[in-house]
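Engineer: Sharing entry-v1.cif (mmCIF, N, CA and C atoms) below.
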data_work
loop_
_atom_site.label_atom_id
_atom_site.label_comp_id
_atom_site.auth_asym_id
_atom_site.auth_seq_id
_atom_site.Cartn_x
_atom_site.Cartn_y
_atom_site.Cartn_z
N MET M 13 111.08 74.00 93.89
CA MET M 13 110.35 74.80 92.92
C MET M 13 109.86 73.94 91.75
N ASN M 14 110.69 72.98 91.33
CA ASN M 14 110.34 72.12 90.23
C ASN M 14 109.09 71.29 90.54
N GLU M 15 108.98 70.78 91.75
CA GLU M 15 107.81 69.99 92.16
C GLU M 15 106.55 70.86 92.14
N ALA M 16 106.66 72.08 92.66
CA ALA M 16 105.51 72.99 92.65
C ALA M 16 105.11 73.33 91.22
N PHE M 17 106.09 73.53 90.36
CA PHE M 17 105.78 73.84 88.96
C PHE M 17 105.05 72.67 88.30
N ARG M 18 105.52 71.44 88.53
CA ARG M 18 104.84 70.26 87.97
C ARG M 18 103.41 70.15 88.49
N ARG M 19 103.24 70.32 89.81
CA ARG M 19 101.91 70.20 90.40
C ARG M 19 100.98 71.26 89.83
N HIS M 20 101.44 72.51 89.79
CA HIS M 20 100.57 73.58 89.31
C HIS M 20 100.39 73.53 87.79
N GLY M 21 101.41 73.10 87.07
CA GLY M 21 101.28 72.97 85.62
C GLY M 21 100.19 71.99 85.24
N GLY M 22 100.21 70.82 85.88
CA GLY M 22 99.17 69.83 85.63
C GLY M 22 97.79 70.31 86.06
N ARG M 23 97.76 70.95 87.19
CA ARG M 23 96.47 71.47 87.68
C ARG M 23 95.95 72.59 86.79
N MET M 24 96.85 73.43 86.29
CA MET M 24 96.41 74.50 85.39
C MET M 24 95.81 73.91 84.12
N ALA M 25 96.41 72.84 83.61
CA ALA M 25 95.87 72.19 82.42
C ALA M 25 94.47 71.62 82.70
N LEU M 26 94.32 70.95 83.84
CA LEU M 26 92.99 70.44 84.23
C LEU M 26 92.01 71.58 84.41
N PHE M 27 92.44 72.65 85.06
CA PHE M 27 91.60 73.82 85.30
C PHE M 27 91.13 74.40 83.96
N GLY M 28 92.03 74.45 82.98
CA GLY M 28 91.67 74.94 81.65
C GLY M 28 90.66 74.03 80.97
N GLY M 29 90.86 72.72 81.10
CA GLY M 29 89.91 71.78 80.52
C GLY M 29 88.54 71.88 81.15
N VAL M 30 88.52 72.00 82.46
CA VAL M 30 87.24 72.19 83.16
C VAL M 30 86.61 73.50 82.71
N GLY M 31 87.44 74.52 82.51
CA GLY M 31 86.95 75.82 82.04
C GLY M 31 86.28 75.73 80.68
N LEU M 32 86.84 74.92 79.77
CA LEU M 32 86.20 74.75 78.46
C LEU M 32 84.84 74.09 78.60
N PHE M 33 84.76 73.08 79.46
CA PHE M 33 83.49 72.39 79.74
C PHE M 33 82.47 73.38 80.34
N ASN M 34 82.93 74.22 81.25
CA ASN M 34 82.04 75.19 81.88
C ASN M 34 81.58 76.26 80.89
N THR M 35 82.46 76.64 79.97
CA THR M 35 82.09 77.62 78.95
C THR M 35 80.98 77.06 78.07
N LEU M 36 81.10 75.79 77.72
CA LEU M 36 80.05 75.13 76.93
C LEU M 36 78.73 75.12 77.71
N THR M 37 78.80 74.77 78.98
CA THR M 37 77.59 74.77 79.82
C THR M 37 76.99 76.17 79.88
N ASP M 38 77.83 77.17 80.09
CA ASP M 38 77.37 78.57 80.16
C ASP M 38 76.61 78.92 78.88
N PHE M 39 77.21 78.63 77.73
CA PHE M 39 76.58 78.96 76.47
C PHE M 39 75.26 78.21 76.26
N LEU M 40 75.24 76.92 76.56
CA LEU M 40 74.02 76.13 76.35
C LEU M 40 72.89 76.58 77.27
N VAL M 41 73.20 76.87 78.53
CA VAL M 41 72.17 77.37 79.45
C VAL M 41 71.68 78.73 78.99
N PHE M 42 72.61 79.60 78.59
CA PHE M 42 72.24 80.92 78.08
C PHE M 42 71.30 80.78 76.88
N ALA M 43 71.68 79.95 75.92
CA ALA M 43 70.87 79.77 74.72
C ALA M 43 69.48 79.22 75.06
N ALA M 44 69.42 78.26 75.96
CA ALA M 44 68.13 77.67 76.34
C ALA M 44 67.24 78.70 77.02
N LEU M 45 67.83 79.50 77.89
CA LEU M 45 67.02 80.51 78.59
C LEU M 45 66.53 81.59 77.64
N VAL M 46 67.38 82.02 76.72
CA VAL M 46 66.96 83.03 75.74
C VAL M 46 65.88 82.44 74.83
N ALA M 47 66.07 81.20 74.39
CA ALA M 47 65.06 80.54 73.56
C ALA M 47 63.74 80.40 74.31
N GLY M 48 63.82 80.28 75.64
CA GLY M 48 62.63 80.18 76.47
C GLY M 48 61.98 81.52 76.78
N GLY M 49 62.58 82.61 76.29
CA GLY M 49 61.97 83.92 76.44
C GLY M 49 62.59 84.82 77.49
N LEU M 50 63.62 84.38 78.19
CA LEU M 50 64.26 85.22 79.20
C LEU M 50 65.13 86.27 78.51
N ALA M 51 65.12 87.48 79.03
CA ALA M 51 65.94 88.56 78.48
C ALA M 51 67.41 88.16 78.51
N PRO M 52 68.17 88.47 77.47
CA PRO M 52 69.57 88.05 77.40
C PRO M 52 70.42 88.45 78.60
N ALA M 53 70.23 89.63 79.14
CA ALA M 53 71.04 90.05 80.30
C ALA M 53 70.77 89.14 81.50
N PHE M 54 69.52 88.79 81.74
CA PHE M 54 69.18 87.91 82.85
C PHE M 54 69.66 86.48 82.56
N ALA M 55 69.54 86.06 81.31
CA ALA M 55 70.02 84.74 80.92
C ALA M 55 71.53 84.64 81.12
N ASN M 56 72.25 85.72 80.83
CA ASN M 56 73.70 85.73 81.00
C ASN M 56 74.08 85.56 82.47
N VAL M 57 73.40 86.26 83.35
CA VAL M 57 73.69 86.15 84.78
C VAL M 57 73.37 84.74 85.28
N ALA M 58 72.21 84.23 84.88
CA ALA M 58 71.82 82.88 85.31
C ALA M 58 72.79 81.83 84.80
N SER M 59 73.15 81.92 83.53
CA SER M 59 74.06 80.92 82.96
C SER M 59 75.46 81.03 83.57
N PHE M 60 75.89 82.24 83.92
CA PHE M 60 77.17 82.42 84.60
C PHE M 60 77.19 81.65 85.91
N PHE M 61 76.13 81.78 86.71
CA PHE M 61 76.11 81.11 88.01
C PHE M 61 75.94 79.60 87.90
N VAL M 62 75.21 79.12 86.90
CA VAL M 62 75.11 77.67 86.69
C VAL M 62 76.49 77.11 86.35
N ALA M 63 77.16 77.74 85.40
CA ALA M 63 78.50 77.28 84.99
C ALA M 63 79.50 77.45 86.13
N ASN M 64 79.36 78.51 86.91
CA ASN M 64 80.29 78.75 88.01
C ASN M 64 80.13 77.69 89.10
N ALA M 65 78.91 77.33 89.43
CA ALA M 65 78.67 76.28 90.43
C ALA M 65 79.21 74.94 89.92
N GLN M 66 78.99 74.66 88.65
CA GLN M 66 79.54 73.45 88.05
C GLN M 66 81.07 73.47 88.11
N SER M 67 81.67 74.60 87.82
CA SER M 67 83.12 74.74 87.85
C SER M 67 83.67 74.46 89.24
N TYR M 68 83.01 75.00 90.25
CA TYR M 68 83.44 74.76 91.63
C TYR M 68 83.41 73.27 91.95
N ALA M 69 82.31 72.62 91.64
CA ALA M 69 82.16 71.20 91.97
C ALA M 69 83.15 70.34 91.20
N VAL M 70 83.30 70.56 89.91
CA VAL M 70 84.21 69.73 89.11
C VAL M 70 85.66 70.00 89.49
N ASN M 71 86.03 71.25 89.70
CA ASN M 71 87.40 71.54 90.09
C ASN M 71 87.73 70.93 91.46
N ALA M 72 86.78 70.94 92.37
CA ALA M 72 87.01 70.30 93.68
C ALA M 72 87.22 68.81 93.53
N ARG M 73 86.45 68.18 92.65
CA ARG M 73 86.51 66.74 92.49
C ARG M 73 87.66 66.27 91.60
N VAL M 74 88.10 67.10 90.66
CA VAL M 74 89.08 66.66 89.68
C VAL M 74 90.40 67.42 89.81
N THR M 75 90.36 68.72 89.71
CA THR M 75 91.58 69.53 89.60
C THR M 75 92.36 69.60 90.91
N PHE M 76 91.67 69.79 92.01
CA PHE M 76 92.34 70.05 93.28
C PHE M 76 92.29 68.86 94.24
N ARG M 77 92.38 67.66 93.70
CA ARG M 77 92.47 66.45 94.51
C ARG M 77 93.83 66.41 95.18
N GLU M 78 93.88 65.88 96.37
CA GLU M 78 95.14 65.66 97.08
C GLU M 78 95.24 64.19 97.41
N LYS M 79 96.22 63.53 96.83
CA LYS M 79 96.45 62.10 97.08
C LYS M 79 95.18 61.28 96.84
N GLY M 80 94.47 61.62 95.76
CA GLY M 80 93.29 60.87 95.38
C GLY M 80 92.00 61.29 96.06
N THR M 81 92.08 62.23 97.00
CA THR M 81 90.88 62.65 97.73
C THR M 81 90.43 64.02 97.23
N PRO M 82 89.16 64.14 96.84
CA PRO M 82 88.67 65.43 96.36
C PRO M 82 88.63 66.47 97.47
N ALA M 83 88.70 67.73 97.06
CA ALA M 83 88.55 68.82 98.01
C ALA M 83 87.12 68.83 98.53
N ARG M 84 86.94 69.33 99.73
CA ARG M 84 85.62 69.38 100.36
C ARG M 84 84.79 70.50 99.73
N LEU M 85 83.55 70.22 99.45
CA LEU M 85 82.61 71.22 98.95
C LEU M 85 81.90 71.86 100.13
N SER M 86 81.73 73.17 100.08
CA SER M 86 81.00 73.86 101.14
C SER M 86 80.41 75.15 100.60
N VAL M 87 79.43 75.67 101.28
CA VAL M 87 78.83 76.94 100.90
C VAL M 87 79.88 78.05 100.98
N GLY M 88 80.68 78.04 102.05
CA GLY M 88 81.72 79.05 102.20
C GLY M 88 82.77 78.95 101.11
N GLY M 89 83.15 77.72 100.76
CA GLY M 89 84.10 77.52 99.67
C GLY M 89 83.55 78.03 98.36
N TYR M 90 82.27 77.74 98.10
CA TYR M 90 81.67 78.24 96.86
C TYR M 90 81.59 79.77 96.87
N ALA M 91 81.29 80.36 98.01
CA ALA M 91 81.22 81.82 98.09
C ALA M 91 82.57 82.43 97.72
N LYS M 92 83.67 81.85 98.20
CA LYS M 92 85.00 82.33 97.84
C LYS M 92 85.25 82.16 96.35
N PHE M 93 84.89 81.01 95.83
CA PHE M 93 85.09 80.71 94.42
C PHE M 93 84.30 81.68 93.55
N ALA M 94 83.02 81.89 93.89
CA ALA M 94 82.18 82.81 93.13
C ALA M 94 82.70 84.23 93.22
N ALA M 95 83.14 84.66 94.41
CA ALA M 95 83.67 86.01 94.57
C ALA M 95 84.89 86.23 93.68
N ALA M 96 85.78 85.26 93.65
CA ALA M 96 86.97 85.37 92.79
C ALA M 96 86.57 85.48 91.33
N HIS M 97 85.58 84.71 90.92
CA HIS M 97 85.14 84.74 89.53
C HIS M 97 84.37 86.02 89.21
N LEU M 98 83.65 86.55 90.17
CA LEU M 98 82.99 87.84 89.92
C LEU M 98 84.02 88.94 89.72
N VAL M 99 85.11 88.89 90.48
CA VAL M 99 86.20 89.85 90.27
C VAL M 99 86.74 89.70 88.86
N SER M 100 86.93 88.47 88.42
CA SER M 100 87.46 88.26 87.07
C SER M 100 86.47 88.72 86.00
N LEU M 101 85.18 88.61 86.27
CA LEU M 101 84.17 89.12 85.34
C LEU M 101 84.30 90.63 85.20
N VAL M 102 84.49 91.32 86.31
CA VAL M 102 84.67 92.78 86.28
C VAL M 102 85.97 93.13 85.55
N VAL M 103 87.05 92.42 85.87
CA VAL M 103 88.35 92.70 85.24
C VAL M 103 88.28 92.44 83.74
N SER M 104 87.71 91.32 83.33
CA SER M 104 87.64 91.01 81.91
C SER M 104 86.78 92.02 81.16
N THR M 105 85.69 92.44 81.76
CA THR M 105 84.85 93.45 81.13
C THR M 105 85.60 94.77 80.98
N ALA M 106 86.36 95.14 82.00
CA ALA M 106 87.16 96.36 81.93
C ALA M 106 88.22 96.27 80.84
N ILE M 107 88.88 95.12 80.74
CA ILE M 107 89.90 94.94 79.70
C ILE M 107 89.27 95.07 78.31
N VAL M 108 88.16 94.42 78.10
CA VAL M 108 87.49 94.50 76.80
C VAL M 108 87.05 95.94 76.53
N PHE M 109 86.49 96.60 77.52
CA PHE M 109 86.04 97.98 77.36
C PHE M 109 87.20 98.90 76.96
N VAL M 110 88.33 98.77 77.63
CA VAL M 110 89.48 99.66 77.40
C VAL M 110 90.19 99.35 76.08
N PHE M 111 90.33 98.07 75.75
CA PHE M 111 91.18 97.70 74.62
C PHE M 111 90.45 97.33 73.32
N ALA M 112 89.14 97.14 73.34
CA ALA M 112 88.42 96.68 72.15
C ALA M 112 88.62 97.60 70.95
N GLU M 113 88.55 98.89 71.15
CA GLU M 113 88.71 99.82 70.02
C GLU M 113 90.17 99.95 69.59
N LYS M 114 91.10 99.68 70.50
CA LYS M 114 92.54 99.82 70.18
C LYS M 114 93.09 98.60 69.45
N ILE M 115 92.73 97.41 69.89
CA ILE M 115 93.31 96.19 69.31
C ILE M 115 92.24 95.26 68.72
N GLY M 116 91.00 95.64 68.78
CA GLY M 116 89.91 94.82 68.26
C GLY M 116 89.25 94.04 69.38
N PRO M 117 87.95 93.80 69.25
CA PRO M 117 87.22 93.15 70.34
C PRO M 117 87.68 91.72 70.63
N TYR M 118 88.08 90.97 69.59
CA TYR M 118 88.46 89.58 69.82
C TYR M 118 89.83 89.48 70.47
N ALA M 119 90.75 90.34 70.07
CA ALA M 119 92.06 90.37 70.71
C ALA M 119 91.92 90.82 72.17
N ALA M 120 91.06 91.80 72.40
CA ALA M 120 90.82 92.27 73.77
C ALA M 120 90.21 91.15 74.61
N LYS M 121 89.25 90.43 74.05
CA LYS M 121 88.63 89.31 74.76
C LYS M 121 89.67 88.22 75.02
N GLY M 122 90.54 87.94 74.05
CA GLY M 122 91.59 86.95 74.23
C GLY M 122 92.54 87.34 75.35
N GLY M 123 92.95 88.60 75.38
CA GLY M 123 93.81 89.09 76.45
C GLY M 123 93.13 88.98 77.80
N ALA M 124 91.85 89.31 77.82
CA ALA M 124 91.08 89.23 79.06
C ALA M 124 90.99 87.79 79.53
N LEU M 125 90.84 86.84 78.60
CA LEU M 125 90.78 85.43 78.98
C LEU M 125 92.09 84.96 79.61
N VAL M 126 93.21 85.41 79.08
CA VAL M 126 94.50 85.02 79.65
C VAL M 126 94.64 85.57 81.06
N VAL M 127 94.34 86.86 81.23
CA VAL M 127 94.47 87.49 82.55
C VAL M 127 93.54 86.83 83.55
N THR M 128 92.29 86.61 83.18
CA THR M 128 91.34 86.05 84.13
C THR M 128 91.59 84.57 84.40
N PHE M 129 92.13 83.84 83.41
CA PHE M 129 92.49 82.45 83.66
C PHE M 129 93.55 82.37 84.76
N VAL M 130 94.57 83.20 84.65
CA VAL M 130 95.63 83.22 85.66
C VAL M 130 95.05 83.63 87.02
N TRP M 131 94.21 84.66 87.04
CA TRP M 131 93.58 85.11 88.28
C TRP M 131 92.73 84.00 88.89
N ASN M 132 91.87 83.39 88.09
CA ASN M 132 90.96 82.37 88.61
C ASN M 132 91.71 81.15 89.14
N TYR M 133 92.73 80.71 88.41
CA TYR M 133 93.51 79.57 88.90
C TYR M 133 94.21 79.91 90.21
N THR M 134 94.84 81.07 90.25
CA THR M 134 95.57 81.48 91.45
C THR M 134 94.63 81.56 92.65
N MET M 135 93.48 82.15 92.49
CA MET M 135 92.52 82.26 93.59
C MET M 135 92.01 80.88 94.00
N ALA M 136 91.75 80.01 93.02
CA ALA M 136 91.29 78.66 93.36
C ALA M 136 92.37 77.88 94.10
N ALA M 137 93.61 77.96 93.62
CA ALA M 137 94.69 77.17 94.21
C ALA M 137 95.13 77.69 95.57
N LEU M 138 95.15 79.00 95.74
CA LEU M 138 95.69 79.56 96.98
C LEU M 138 94.64 80.03 97.98
N PHE M 139 93.42 80.25 97.52
CA PHE M 139 92.40 80.83 98.39
C PHE M 139 91.25 79.85 98.65
N VAL M 140 90.77 79.19 97.61
CA VAL M 140 89.60 78.31 97.75
C VAL M 140 90.01 76.89 98.11
N PHE M 141 90.91 76.29 97.33
CA PHE M 141 91.33 74.90 97.53
C PHE M 141 92.77 74.85 98.01
N ARG M 142 93.15 75.71 98.90
CA ARG M 142 94.54 75.83 99.36
C ARG M 142 95.02 74.55 100.05
N PRO M 143 96.33 74.32 99.95
CA PRO M 143 96.88 73.16 100.67
C PRO M 143 96.58 73.27 102.17
N GLY M 144 96.20 72.17 102.76
CA GLY M 144 95.87 72.16 104.19
C GLY M 144 94.39 72.35 104.46
N ALA M 145 93.62 72.68 103.39
CA ALA M 145 92.17 72.83 103.56
C ALA M 145 91.57 71.44 103.78
N PRO M 146 90.40 71.36 104.41
CA PRO M 146 89.79 70.05 104.65
C PRO M 146 89.49 69.30 103.36
N LYS M 147 89.65 67.99 103.39
CA LYS M 147 89.32 67.14 102.26
C LYS M 147 87.85 66.75 102.35
N ALA M 148 87.37 66.08 101.33
CA ALA M 148 85.96 65.65 101.29
C ALA M 148 85.61 64.79 102.50
N GLY M 149 86.55 64.01 102.99
CA GLY M 149 86.30 63.16 104.14
C GLY M 149 86.35 63.88 105.45
N GLY M 150 86.66 65.21 105.42
CA GLY M 150 86.69 66.01 106.63
C GLY M 150 88.05 66.12 107.27
N GLU M 151 89.05 65.36 106.78
CA GLU M 151 90.38 65.42 107.35
C GLU M 151 91.14 66.60 106.76
N GLY M 152 92.09 67.13 107.49
CA GLY M 152 92.92 68.21 106.96
C GLY M 152 93.90 67.67 105.94
N ARG M 153 94.19 68.45 104.92
CA ARG M 153 95.19 68.05 103.93
C ARG M 153 96.57 68.30 104.46
N GLU M 154 97.48 67.51 103.98
CA GLU M 154 98.87 67.77 104.30
C GLU M 154 99.36 68.90 103.43
N SER M 155 100.23 69.73 103.95
CA SER M 155 100.79 70.81 103.15
C SER M 155 101.64 70.25 102.05
N ALA M 156 101.56 70.91 100.90
CA ALA M 156 102.34 70.46 99.73
C ALA M 156 103.76 70.94 99.81
#
As structure tokens, what does this structure read like?
Structural biologist:
Amino acid sequence: MNEAFRRHGGRMALFGGVGLFNTLTDFLVFAALVAGGLAPAFANVASFFVANAQSYAVNARVTFREKGTPARLSVGGYAKFAAAHLVSLVVSTAIVFVFAEKIGPYAAKGGALVVTFVWNYTMAALFVFRPGAPKAGGEGRESA
């Protein structure tokens, strides 16, 4: 259990760091698209997918490496990753909707971030980049 905790603890920290980078990308793309005249709702969707694709690629290359080898990128892998994040988008929106008036919008958003961070990491670690999944070189990973 201790080995798994160390592995996931380090990966969660990397996942969080990648998440901060992706949040910055999301905001910058959103701002650029709005400044370019795109409606904010459409800019939000576009910037979400740009940051999400970046998140998938960086997490595969950095966070979920196995013995120095990055996880394999694929359309199917990205579809799983995006699906998990779309679920978290729905969950976070629901949390903010339900709790914003009770505890304030920022506290509700903070709570939503904690819940969705745990969800997103768990889905990435166990569903998208699971142990035994193919590596970038095409070989199967050894189970952890």
Engineer: Using only N, CA and C atoms, which residues of region 50-146 of chain M come within 7 Å of region 33-44 of chain M, and what is the closest atom pair for each, with the distance in Å to one decimal? Give it as CSV, sorted by chain and residue number.
Structural biologist:
residue,atom,partner,partner_atom,distance
M:Leu50,N,M:Ala44,C,6.8
M:Ala55,C,M:Phe42,CA,4.9
M:Asn56,N,M:Phe42,CA,5.5
M:Ala58,C,M:Phe42,N,6.6
M:Ser59,C,M:Asp38,CA,4.6
M:Phe60,N,M:Asp38,CA,5.5
M:Val62,C,M:Asp38,N,6.4
M:Ala63,CA,M:Asp38,N,4.9
M:Asn64,N,M:Asn34,CA,6.6
M:Gln66,C,M:Asn34,CA,6.5
M:Ser67,N,M:Asn34,CA,6.0
Engineer: Written as a ChimeraX atom specification, which residues does the PyMOL selection byres (((chain M and resi 106 and name CA) around 12) and name CA) give for the file shown?
Structural biologist: /M:99-105,107-112,120-121,123-125,127-128
Engineer: Taking into account all atoms listed in the file, which residue in the set M:Ala119, M:Gly89, M:Lys79, M:Gly29 is nearest to Phe141 (chain M)?
Structural biologist: M:Gly89
Engineer: Can you translate the PyMOL selection byres (((chain M and resi 68-74 and name CA) around 7) and name CA) into the concrete residues it hits in this file, as a list in words?
Structural biologist: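 Applied to this file, the PyMOL selection byres (((chain M and resi 68-74 and name CA) around 7) and name CA) returns Phe27, Val30, Asn64, Ala65, Gln66, Ser67, Thr75, Phe76, Arg77, Pro82, Ala83, Arg84, Leu85, Tyr90 and Phe93 of chain M.
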Engineer: One decimal, Å: what's the distance from atom N of Ser86 (chain M) over to atom N of Leu45 (chain M), could you say?
Structural biologist: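 Distance reported for this atom pair: 26.9 Å.
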Engineer: If DSSP is run on the backbone, what residues of region 44-149 of chain M are helix (DSSP H, G or I)? A reply as JSON, numbers by chain would be ideal.
Structural biologist: {"M": [44, 45, 46, 47, 52, 53, 54, 55, 56, 57, 58, 59, 60, 61, 62, 63, 64, 65, 66, 67, 68, 69, 70, 71, 72, 73, 74, 75, 87, 88, 89, 90, 91, 92, 93, 94, 95, 96, 97, 98, 99, 100, 101, 102, 103, 104, 105, 106, 107, 108, 109, 110, 111, 112, 113, 114, 115, 117, 118, 119, 120, 121, 122, 123, 124, 125, 126, 127, 128, 129, 130, 131, 132, 133, 134, 135, 136, 137, 138, 139, 140]}
Engineer: Could you jot down the CA of Gly49 (chain M) to atom N of His97 (chain M) separation for me, Å, one decimal place?
Structural biologist: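 Taking CA of Gly49 (chain M) and atom N of His97 (chain M), their separation equals 27.7 Å.
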Engineer: Go ahead and compute the interatomic distance for CA of Ala25 (chain M) and CA of Thr81 (chain M), in Å to one decimal.
Structural biologist: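 Straight-line distance from CA of Ala25 (chain M) to CA of Thr81 (chain M) works out to 18.7 Å.
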Engineer: On this structure, which residues satisfy the PyMOL selection byres ((chain M and resi 140) around 8), written as a list in words?
Structural biologist: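 So the PyMOL selection byres ((chain M and resi 140) around 8), applied here, picks out Gly88, Gly89, Tyr90, Lys92, Phe93, Thr134, Met135, Ala136, Ala137, Leu138, Phe139, Phe141, Arg142, Pro143 and Ala145 of chain M.
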